[in-house]
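Peer 1: My structure is in input37.tsv, and what it holds is TSV, C-alpha atoms:
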chain	number	residue	atom	x	y	z
D	22	MET	CA	118.65	46.29	51.29
D	23	SER	CA	122.30	47.05	50.69
D	24	ARG	CA	122.37	44.27	48.07
D	25	LEU	CA	119.36	45.89	46.33
D	26	PHE	CA	121.09	49.29	46.47
D	27	SER	CA	124.30	47.82	45.00
D	28	GLY	CA	122.27	46.24	42.24
D	29	VAL	CA	120.61	49.54	41.34
D	30	VAL	CA	123.99	51.35	41.37
D	31	LEU	CA	125.51	48.67	39.16
D	32	SER	CA	122.59	48.86	36.69
D	33	VAL	CA	122.77	52.66	36.51
D	34	ALA	CA	126.56	52.53	36.07
D	35	THR	CA	126.20	49.96	33.31
D	36	LEU	CA	123.53	52.07	31.62
D	37	ILE	CA	125.68	55.21	31.80
D	38	SER	CA	128.76	53.48	30.46
D	39	PHE	CA	126.71	51.86	27.70
D	40	SER	CA	125.17	55.16	26.61
D	41	ALA	CA	128.59	56.77	26.72
D	42	TYR	CA	129.85	53.97	24.51
D	43	SER	CA	126.94	54.14	22.10
D	44	ALA	CA	126.90	57.92	21.98
D	45	GLU	CA	130.61	58.46	21.49
D	46	ASP	CA	132.43	55.39	20.39
D	47	LYS	CA	130.27	53.59	17.89
D	48	VAL	CA	131.86	55.18	14.84
D	49	LYS	CA	135.42	56.08	15.67
D	50	ILE	CA	137.96	57.79	13.47
D	51	THR	CA	140.47	55.02	13.99
D	52	GLN	CA	140.43	52.10	16.39
D	53	ASP	CA	142.14	54.25	18.99
D	54	MET	CA	140.72	57.65	18.16
D	55	THR	CA	137.16	58.82	18.73
D	56	HIS	CA	137.72	62.45	17.90
D	57	ALA	CA	140.28	65.16	17.32
D	58	THR	CA	140.20	68.66	18.70
D	59	VAL	CA	140.97	71.73	16.72
D	60	LEU	CA	141.14	75.41	17.49
D	61	VAL	CA	138.52	77.57	15.85
D	62	ASP	CA	138.69	81.28	16.67
D	63	GLY	CA	140.44	80.43	19.91
D	64	ASP	CA	138.00	77.74	21.01
D	65	LEU	CA	138.58	74.02	20.99
D	66	VAL	CA	136.14	72.25	18.70
D	67	LYS	CA	135.69	68.51	18.48
D	68	ILE	CA	135.92	66.73	15.13
D	69	SER	CA	134.22	63.37	15.12
D	70	ARG	CA	132.16	61.23	12.76
D	71	ILE	CA	128.41	60.93	12.27
D	72	GLN	CA	127.31	58.17	14.64
D	73	ASP	CA	124.33	56.96	12.64
D	74	THR	CA	125.57	53.88	10.78
D	75	GLU	CA	122.56	54.03	8.48
D	76	HIS	CA	123.30	57.56	7.39
D	77	LYS	CA	123.88	58.28	3.72
D	78	ILE	CA	125.40	61.47	2.43
D	79	GLU	CA	123.03	64.07	1.07
D	80	GLY	CA	123.55	67.41	-0.63
D	81	SER	CA	125.99	68.56	-3.27
D	82	PHE	CA	128.79	66.21	-2.30
D	83	ALA	CA	126.65	63.18	-3.04
D	84	LYS	CA	126.88	64.22	-6.67
D	85	THR	CA	129.12	62.01	-8.79
D	86	SER	CA	129.55	64.04	-11.96
D	87	ARG	CA	130.28	67.56	-12.98
D	88	PRO	CA	131.43	68.72	-16.40
D	89	CYS	CA	135.08	68.00	-17.15
D	90	PRO	CA	136.66	70.30	-18.13
D	91	PRO	CA	136.89	72.16	-15.87
D	92	PHE	CA	136.03	69.77	-13.04
D	93	CYS	CA	138.48	67.00	-13.96
D	94	ILE	CA	140.10	64.38	-11.75
D	95	ASN	CA	143.43	65.43	-10.28
D	96	PRO	CA	146.50	63.20	-10.02
D	97	ILE	CA	147.51	61.98	-6.59
D	98	SER	CA	150.68	64.04	-6.72
D	99	LEU	CA	150.81	67.68	-7.79
D	100	ASP	CA	154.56	68.00	-7.44
D	101	GLU	CA	157.17	65.48	-6.43
D	102	ASN	CA	158.03	67.49	-3.32
D	103	VAL	CA	154.51	68.42	-2.23
D	104	LYS	CA	153.09	65.72	0.01
D	105	THR	CA	149.55	64.59	-0.66
D	106	VAL	CA	147.72	63.71	2.54
D	107	ALA	CA	144.48	62.10	3.69
D	108	GLU	CA	142.16	62.62	6.63
D	109	LEU	CA	144.35	61.22	9.42
D	110	GLU	CA	147.28	63.35	8.34
D	111	VAL	CA	144.97	66.37	8.21
D	112	LEU	CA	143.88	65.71	11.80
D	113	GLU	CA	147.45	65.13	12.89
D	114	PHE	CA	148.50	68.35	11.16
D	115	MET	CA	145.75	70.19	13.02
D	116	GLU	CA	146.73	68.75	16.38
D	117	ARG	CA	150.46	69.17	15.85
D	118	SER	CA	151.53	71.89	13.41
D	119	MET	CA	148.47	74.08	13.73
D	120	ARG	CA	148.30	74.00	17.48
D	121	ASP	CA	151.94	74.94	17.96
D	122	GLY	CA	151.56	77.77	15.45
D	123	HIS	CA	153.76	76.29	12.70
D	124	GLY	CA	150.99	75.24	10.38
D	125	VAL	CA	147.91	76.67	8.72
D	126	VAL	CA	145.05	74.76	7.12
D	127	ILE	CA	143.80	76.67	4.10
D	128	ASP	CA	140.41	76.32	2.48
D	129	ALA	CA	141.52	77.47	-0.98
D	130	ARG	CA	138.00	77.75	-2.39
D	131	THR	CA	136.28	80.95	-3.37
D	132	PRO	CA	134.37	82.58	-0.47
D	133	SER	CA	130.97	81.50	-1.79
D	134	TRP	CA	131.94	77.86	-1.15
D	135	TYR	CA	133.63	78.56	2.17
D	136	LYS	CA	130.63	80.41	3.59
D	137	LYS	CA	128.36	77.41	3.17
D	138	GLY	CA	130.57	75.20	5.30
D	139	THR	CA	134.19	74.33	5.88
D	140	ILE	CA	136.50	71.97	7.71
D	141	PRO	CA	136.92	73.26	11.28
D	142	GLY	CA	140.15	75.12	11.82
D	143	SER	CA	140.54	76.17	8.20
D	144	ILE	CA	141.02	79.73	7.11
D	145	ASN	CA	139.80	80.90	3.74
D	146	ILE	CA	142.38	82.18	1.30
D	147	PRO	CA	140.93	81.78	-2.19
D	148	PHE	CA	143.20	80.24	-4.82
D	149	THR	CA	142.89	83.37	-6.95
D	150	ILE	CA	145.10	85.24	-4.48
D	151	PHE	CA	147.87	82.66	-4.76
D	152	GLU	CA	147.79	82.97	-8.54
D	153	LYS	CA	148.66	86.65	-8.41
D	154	ASP	CA	152.13	87.93	-9.15
D	155	PRO	CA	154.39	87.75	-6.06
D	156	SER	CA	154.78	91.51	-6.27
D	157	ASP	CA	151.02	91.97	-5.92
D	158	PHE	CA	149.83	93.58	-2.68
D	159	GLU	CA	147.31	90.95	-1.76
D	160	LEU	CA	149.67	88.04	-2.30
D	161	SER	CA	152.47	89.92	-0.55
D	162	GLU	CA	150.28	90.47	2.48
D	163	VAL	CA	149.24	86.86	2.58
D	164	LEU	CA	152.84	85.68	2.24
D	165	LEU	CA	153.92	87.99	5.04
D	166	LYS	CA	151.15	86.66	7.27
D	167	LEU	CA	152.26	83.15	6.44
D	168	GLY	CA	155.67	83.96	7.87
D	169	ALA	CA	157.62	84.84	4.74
D	170	VAL	CA	159.99	87.78	5.02
D	171	GLU	CA	160.58	90.29	2.28
D	172	ARG	CA	164.19	90.61	1.09
D	173	GLU	CA	165.57	93.89	-0.09
D	174	ASP	CA	168.66	94.68	-2.09
D	175	VAL	CA	170.04	91.16	-2.06
D	176	ASN	CA	173.65	91.08	-3.13
D	177	PRO	CA	173.74	89.27	-6.51
D	178	MET	CA	176.88	87.39	-5.52
D	179	LEU	CA	175.25	86.18	-2.31
D	180	ARG	CA	172.16	85.12	-4.23
D	181	THR	CA	174.26	83.15	-6.70
D	182	ILE	CA	175.95	81.33	-3.83
D	183	GLU	CA	172.56	80.62	-2.24
D	184	GLU	CA	171.13	79.32	-5.49
D	185	THR	CA	174.03	77.19	-6.56
D	186	THR	CA	175.06	75.72	-3.22
D	187	GLY	CA	171.83	75.79	-1.23
D	188	LEU	CA	173.87	77.20	1.65
D	189	LEU	CA	172.37	79.84	3.98
D	190	ASP	CA	168.94	78.26	3.44
D	191	GLY	CA	169.24	79.16	-0.22
D	192	ASN	CA	166.53	76.70	-1.17
D	193	GLN	CA	164.14	78.58	1.10
D	194	LYS	CA	164.74	81.92	-0.55
D	195	THR	CA	164.06	83.80	-3.74
D	196	ASP	CA	165.38	87.15	-4.89
D	197	THR	CA	162.55	88.87	-3.06
D	198	TRP	CA	161.31	86.46	-0.36
D	199	ASP	CA	162.79	84.49	2.49
D	200	PHE	CA	160.61	81.50	3.36
D	201	SER	CA	162.92	80.05	6.04
D	202	ASP	CA	160.41	80.73	8.81
D	203	ALA	CA	157.29	80.43	6.68
D	204	LYS	CA	154.53	78.20	8.00
D	205	GLU	CA	153.62	74.74	6.77
D	206	LEU	CA	150.45	74.98	4.70
D	207	LEU	CA	147.86	72.29	4.19
D	208	LEU	CA	145.55	73.21	1.34
D	209	TRP	CA	142.30	71.64	0.29
D	210	CYS	CA	139.19	72.33	-1.78
D	211	ASN	CA	136.15	70.36	-2.87
D	212	GLY	CA	137.69	67.00	-3.63
D	213	PRO	CA	139.64	65.01	-6.20
D	214	TRP	CA	137.78	66.79	-9.00
D	215	CYS	CA	138.45	70.29	-7.72
D	216	GLY	CA	141.13	72.49	-9.26
D	217	GLN	CA	141.15	75.26	-6.69
D	218	SER	CA	143.73	73.98	-4.20
D	219	PRO	CA	145.99	72.56	-6.96
D	220	ARG	CA	146.02	76.00	-8.54
D	221	ALA	CA	146.76	77.60	-5.18
D	222	ILE	CA	149.67	75.20	-4.65
D	223	ARG	CA	151.04	75.86	-8.13
D	224	GLY	CA	150.81	79.59	-7.45
D	225	LEU	CA	152.69	79.20	-4.17
D	226	LEU	CA	155.39	77.13	-5.83
D	227	LYS	CA	155.72	79.78	-8.53
D	228	ALA	CA	156.17	82.42	-5.83
D	229	GLY	CA	159.01	80.30	-4.42
D	230	TYR	CA	157.21	78.81	-1.41
D	231	PRO	CA	159.21	75.70	-0.45
D	232	ALA	CA	157.44	72.58	-1.70
D	233	GLU	CA	158.28	70.63	1.44
D	234	LYS	CA	156.21	73.10	3.45
D	235	LEU	CA	153.12	72.43	1.35
D	236	PHE	CA	150.59	69.65	1.84
D	237	TYR	CA	147.72	68.79	-0.46
D	238	TYR	CA	144.56	67.21	0.97
D	239	ARG	CA	143.18	65.79	-2.26
D	240	GLY	CA	140.05	64.26	-0.74
D	241	GLY	CA	138.79	67.70	0.23
D	242	MET	CA	135.25	68.43	1.31
D	243	GLN	CA	133.72	65.55	-0.64
D	244	VAL	CA	135.70	62.80	1.09
D	245	TRP	CA	135.53	64.65	4.42
D	246	GLN	CA	131.72	64.58	4.18
D	247	LEU	CA	131.66	61.03	2.86
D	248	LEU	CA	133.38	59.90	6.05
D	249	GLY	CA	130.88	61.80	8.16
D	250	LEU	CA	133.50	64.11	9.66
D	251	THR	CA	132.44	67.34	11.32
D	252	THR	CA	132.04	70.46	9.21
D	253	ILE	CA	131.36	73.95	10.42
D	254	VAL	CA	129.62	77.07	9.15
D	255	PRO	CA	132.14	79.88	9.58
D	256	LYS	CA	131.30	83.11	11.33
D	257	ASP	CA	130.53	86.01	9.03
Z	17	MET	CA	162.99	96.75	-43.80
Z	18	LEU	CA	161.81	98.97	-40.98
Z	19	PHE	CA	158.22	98.39	-42.09
Z	20	LEU	CA	158.74	94.62	-42.03
Z	21	ALA	CA	160.25	94.75	-38.54
Z	22	ARG	CA	157.35	96.85	-37.31
Z	23	SER	CA	154.81	94.47	-38.81
Z	24	ILE	CA	156.46	91.46	-37.17
Z	25	PHE	CA	156.54	93.32	-33.88
Z	26	ASN	CA	152.84	94.22	-34.20
Z	27	ILE	CA	151.90	90.62	-34.98
Z	28	PHE	CA	153.93	89.47	-31.98
Z	29	ILE	CA	152.14	91.93	-29.69
Z	30	MET	CA	148.77	90.89	-31.13
Z	31	VAL	CA	149.49	87.19	-30.54
Z	32	LEU	CA	150.69	87.97	-27.03
Z	33	PHE	CA	147.56	89.99	-26.31
Z	34	LEU	CA	145.24	87.34	-27.75
Z	35	GLY	CA	146.99	84.65	-25.74
Z	36	THR	CA	146.62	86.61	-22.51
Z	37	HIS	CA	143.06	87.49	-23.36
Z	38	ALA	CA	142.20	83.84	-24.02
Z	39	ALA	CA	143.76	82.79	-20.70
Z	40	VAL	CA	141.80	85.46	-18.83
Z	41	ALA	CA	138.58	84.47	-20.58
Z	42	GLU	CA	139.23	80.84	-19.69
Z	43	ASP	CA	139.75	81.82	-16.06
Z	44	ASP	CA	136.60	83.91	-16.03
Z	45	ALA	CA	134.62	80.96	-17.40
Z	46	TYR	CA	136.08	78.70	-14.73
Z	47	LEU	CA	135.22	81.17	-11.99
Z	48	GLU	CA	131.74	81.54	-13.43
Z	49	MET	CA	131.22	77.79	-13.35
Z	50	LEU	CA	132.58	77.64	-9.81
Z	51	GLU	CA	130.16	80.32	-8.69
Z	52	GLY	CA	127.31	78.51	-10.46
Z	53	GLU	CA	128.14	75.31	-8.56
Z	54	ALA	CA	128.54	77.22	-5.30
Z	55	GLU	CA	125.08	78.76	-5.66
Z	56	LYS	CA	123.54	75.30	-5.74
Z	57	LEU	CA	125.77	74.04	-2.95
Z	58	SER	CA	124.18	72.28	-0.02
Z	59	LEU	CA	126.18	70.34	2.51
Z	60	ASP	CA	125.12	67.22	4.30
Z	61	GLN	CA	123.81	68.70	7.54
Z	62	SER	CA	124.24	65.68	9.79
Z	63	GLY	CA	127.87	66.31	10.59
Z	64	GLN	CA	127.63	70.05	10.53
Z	65	LEU	CA	128.35	72.12	13.54
Z	66	ASN	CA	126.73	75.51	13.61
Z	67	LYS	CA	129.40	77.71	15.12
Z	68	GLU	CA	126.96	80.12	16.73
Z	69	GLU	CA	124.55	77.62	18.23
Z	70	ASP	CA	126.33	74.34	18.76
Z	71	ALA	CA	129.92	75.21	19.43
Z	72	ASP	CA	129.44	75.13	23.20
Z	73	ASP	CA	128.33	71.51	23.08
Z	74	ALA	CA	131.27	70.48	21.03
Z	75	LYS	CA	133.93	72.25	23.03
Z	76	SER	CA	136.11	70.13	25.17
Z	77	GLY	CA	137.94	73.07	26.66
Z	78	LYS	CA	138.41	76.80	26.58
Z	79	GLY	CA	141.09	79.35	27.01
Z	80	ILE	CA	143.59	78.29	24.37
Z	81	LYS	CA	144.11	81.14	21.98
Z	82	LEU	CA	145.88	80.62	18.72
Z	83	ASN	CA	145.61	81.91	15.24
Z	84	ALA	CA	142.60	83.98	16.23
Z	85	LYS	CA	143.87	86.66	13.87
Z	86	TRP	CA	143.48	84.24	11.02
Z	87	GLY	CA	139.73	84.50	11.22
Z	88	ALA	CA	139.94	87.98	9.83
Z	89	ALA	CA	143.10	87.54	7.82
Z	90	ALA	CA	141.56	87.25	4.42
Z	91	THR	CA	138.69	89.64	4.90
Z	92	SER	CA	139.86	92.64	6.92
Z	93	ASP	CA	140.14	95.09	4.06
Z	94	ILE	CA	138.43	97.93	5.85
Z	95	LEU	CA	140.33	101.16	6.14
Z	96	PRO	CA	138.48	103.47	8.52
Z	97	PRO	CA	138.17	107.14	7.63
Z	98	GLY	CA	139.90	109.86	9.64
Z	99	ILE	CA	143.23	108.22	10.42
Z	100	PRO	CA	145.61	111.11	11.30
Z	101	GLU	CA	148.52	111.60	8.93
Z	102	ASP	CA	151.17	110.84	11.54
Z	103	VAL	CA	149.44	107.59	12.46
Z	104	PHE	CA	148.75	106.51	8.87
Z	105	PRO	CA	152.06	104.66	8.22
Z	106	ALA	CA	151.83	102.86	11.56
Z	107	TYR	CA	148.25	101.87	10.79
Z	108	LEU	CA	149.29	100.42	7.45
Z	109	LYS	CA	152.21	98.64	9.06
Z	110	LYS	CA	150.02	97.06	11.70
Z	111	ASN	CA	147.05	96.10	9.55
Z	112	PHE	CA	148.31	95.88	5.96
Z	113	TYR	CA	151.96	95.05	6.22
Z	114	GLY	CA	152.29	94.13	2.55
Z	115	THR	CA	150.90	97.48	1.53
Z	116	TYR	CA	153.19	99.18	4.02
Z	117	VAL	CA	156.21	97.44	2.49
Z	118	PHE	CA	155.43	99.14	-0.82
Z	119	TYR	CA	154.37	102.41	0.81
Z	120	ARG	CA	157.69	102.84	2.60
Z	121	LYS	CA	159.50	102.71	-0.74
Z	122	LEU	CA	157.86	105.98	-1.78
Z	123	ASN	CA	159.51	109.34	-1.30
Z	124	ALA	CA	158.13	111.83	1.22
Z	125	VAL	CA	156.13	113.80	-1.37
Z	126	ASP	CA	154.45	110.69	-2.74
Z	127	LYS	CA	153.63	109.53	0.79
Z	128	ARG	CA	151.94	112.85	1.47
Z	129	THR	CA	150.02	112.54	-1.78
Z	130	ILE	CA	148.83	109.06	-0.86
Z	131	TYR	CA	147.60	110.34	2.47
Z	132	TYR	CA	145.98	113.37	0.85
Z	133	HIS	CA	144.06	111.18	-1.61
Z	134	TYR	CA	142.98	108.91	1.23
Z	135	SER	CA	141.79	111.77	3.44
Z	136	GLU	CA	139.94	113.49	0.60
Z	137	ASN	CA	138.14	110.36	-0.54
Z	138	GLU	CA	135.35	109.46	1.86
Z	139	SER	CA	134.94	106.02	0.36
Z	140	ALA	CA	138.66	105.22	0.33
Z	141	ASN	CA	139.43	101.64	1.17
Z	142	ILE	CA	142.64	99.66	1.16
Z	143	ASP	CA	142.21	98.78	-2.52
Z	144	THR	CA	142.14	102.42	-3.59
Z	145	VAL	CA	145.17	103.16	-1.43
Z	146	ARG	CA	147.01	100.18	-2.92
Z	147	GLU	CA	146.22	101.33	-6.44
Z	148	ASP	CA	147.42	104.80	-5.57
Z	149	ILE	CA	150.70	103.48	-4.15
Z	150	LEU	CA	151.20	101.29	-7.18
Z	151	SER	CA	150.66	104.16	-9.59
Z	152	HIS	CA	153.27	106.23	-7.76
Z	153	LEU	CA	155.74	103.38	-7.74
Z	154	LYS	CA	155.34	103.00	-11.49
Z	155	GLU	CA	156.01	106.67	-12.13
Can you dump the structure from the file as structure tokens?

Peer 2:
Amino acid sequence: MSRLFSGVVLSVATLISFSAYSAEDKVKITQDMTHATVLVDGDLVKISRIQDTEHKIEGSFAKTSRPCPPFCINPISLDENVKTVAELEVLEFMERSMRDGHGVVIDARTPSWYKKGTIPGSINIPFTIFEKDPSDFELSEVLLKLGAVEREDVNPMLRTIEETTGLLDGNQKTDTWDFSDAKELLLWCNGPWCGQSPRAIRGLLKAGYPAEKLFYYRGGMQVWQLLGLTTIVPKD
Amino acid sequence: MLFLARSIFNIFIMVLFLGTHAAVAEDDAYLEMLEGEAEKLSLDQSGQLNKEEDADDAKSGKGIKLNAKWGAAATSDILPPGIPEDVFPAYLKKNFYGTYVFYRKLNAVDKRTIYYHYSENESANIDTVREDILSHLKE
């Protein structure tokens, strides 16, 4: 009787562990990673991959061609000091920089794209804002929220020293902004053919945002979807 | 000589204007195409998490709060009516710090004028206040 009971327990345990394996581990992110967790509006959300190995991508991101211009293929590097990243670095950024408050993932697309679905943990700041003049209200407010500090009445002599020597974090400052404590930003848009995040990054560089604090996820939504990674419909 | 200088100046301004205009038109066309693509947009639903319905299933924990303010960062442009004058600067400082930075550069009379325009305009929003501040700064 006890042998029969042990047998049943063993079978059930095997079944449970097998279903756990098949439900969670069949399509991992890497050999050692099944999922990543990211904070969305204060809640932890799991990012994993579609587990159906027969699944093929549907919808707009299955599309291969759009008119070029304007939807032309971007280079791998936008600027020699802006790091281009892929999915694992995005996940690492989310689990490291974003969680400790030093980093922000930015969906740089216009709101009409964002509303249909985004990468969990991203906030929407459309590229058009980053293209505004640094003295513009909207851009100023965004820069302030990203941790930049406004500078007033900077002594021209001091500024010259900062610029020429790089001392006093001179390379993190402009005449009007101090980016020393500004957050690391990871920007993305629709994919390698999308110009929205490249334009946002160029706008940020023009405003003086330090290039080494900027990251470009070139794969964007298209590659994210192609790999079956979780997307989310943002709250209104 | 003066006529020639004026003509050159006018041509320069015209070229500058046309150049800017062309760039703006190009941008508008790009935005139009983007919106056209966005209208047709449909995402592959298989990996999509509906925040309202499915988030509970996907959560592996609760209670960690971070960057919650970011959810509203890009969209909170609402300026409620009836903010008292003495609270107005503090409200701007708290909710629209960038606007406040410009507002504080105004003299006392201009600040009062900004508030007066805001309080008189029932449909005032942060954009109208920003425009108002900007026009005073330019004066």

Peer 1: Quick check: residues of chain D within 8 Å of chain Z, only C-alpha atoms, returned as a ChimeraX atom specification.

Peer 2: /D:58,60-67,70-71,78-82,91,120,122,133-134,137-138,144-146,158-159,161-163,165,246,249-256

Peer 1: When distances are computed from all atoms listed in the file, which of D:Val244, D:Gly124, D:Ile222, D:Lys49 shows the smallest separation from Asn102 of chain D?

Peer 2: D:Ile222

Peer 1: Could you tell me how far atom CA of Gln52 of chain D lies from atom CA of Pro213 of chain D, in Å and to one decimal?

Peer 2: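 Calculated distance between atom CA of Gln52 of chain D and atom CA of Pro213 of chain D is 26.0 Å.
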
Peer 1: Between atom CA of Ile99 of chain Z and atom CA of Glu136 of chain Z, what is the spacing in Å?

Peer 2: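 Atom-to-atom, atom CA of Glu136 of chain Z and atom CA of Ile99 of chain Z are spaced 11.6 Å apart.
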
Peer 1: From the options D:Val111, D:Ala169, D:Leu208, D:Val175, which residue's atoms come nearest to Pro147 of chain D, counting only C-alpha atoms?

Peer 2: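 That would be D:Leu208, the residue with the smallest distance to Pro147 of chain D.
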
Peer 1: What is the distance, in Å and to one decimal place, between atom CA of Ile149 of chain Z and atom CA of Leu122 of chain Z?

Peer 2: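 Between atom CA of Ile149 of chain Z and atom CA of Leu122 of chain Z the gap works out to 7.9 Å.
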
Peer 1: Which of these, D:Val126, D:Asp100, D:Cys89, D:Lys166, has the shortest distance to Lys110 of chain Z once you count only C-alpha atoms?

Peer 2: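 So, comparing all the options, the nearest one is D:Lys166.
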
Peer 1: Do a neighbour search on Phe200 of chain D at 9 Å with all atoms listed in the file, toss out local chain neighbours closer than 6 positions, and write the hits as a CSV table (one decimal) with C-alpha atoms, in the coordinates of the input.

Peer 2:
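Listed below is the output, out.csv:
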chain,number,residue,atom,x,y,z
D,164,LEU,CA,152.8,85.7,2.2
D,168,GLY,CA,155.7,84.0,7.9
D,169,ALA,CA,157.6,84.8,4.7
D,170,VAL,CA,160.0,87.8,5.0
D,171,GLU,CA,160.6,90.3,2.3
D,190,ASP,CA,168.9,78.3,3.4
D,192,ASN,CA,166.5,76.7,-1.2
D,193,GLN,CA,164.1,78.6,1.1
D,194,LYS,CA,164.7,81.9,-0.6
D,229,GLY,CA,159.0,80.3,-4.4
D,230,TYR,CA,157.2,78.8,-1.4
D,231,PRO,CA,159.2,75.7,-0.4

Peer 1: Tell me which of D:Asp128, D:Thr186, D:Arg220, D:Glu173 sits closest to Lys121 of chain Z, counting all atoms listed in the file.

Peer 2: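 With all atoms listed in the file as the atom set, the closest residue is D:Glu173.
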
Peer 1: Name the residues in contact with Thr144 of chain Z at a cut-off of 12 Å, using only C-alpha atoms, excluding same-chain residues fewer than 6 positions from it; report them as number ranges by chain.

Peer 2: D: 158; Z: 93-95, 115, 130-131, 133-135, 137-138, 150-151
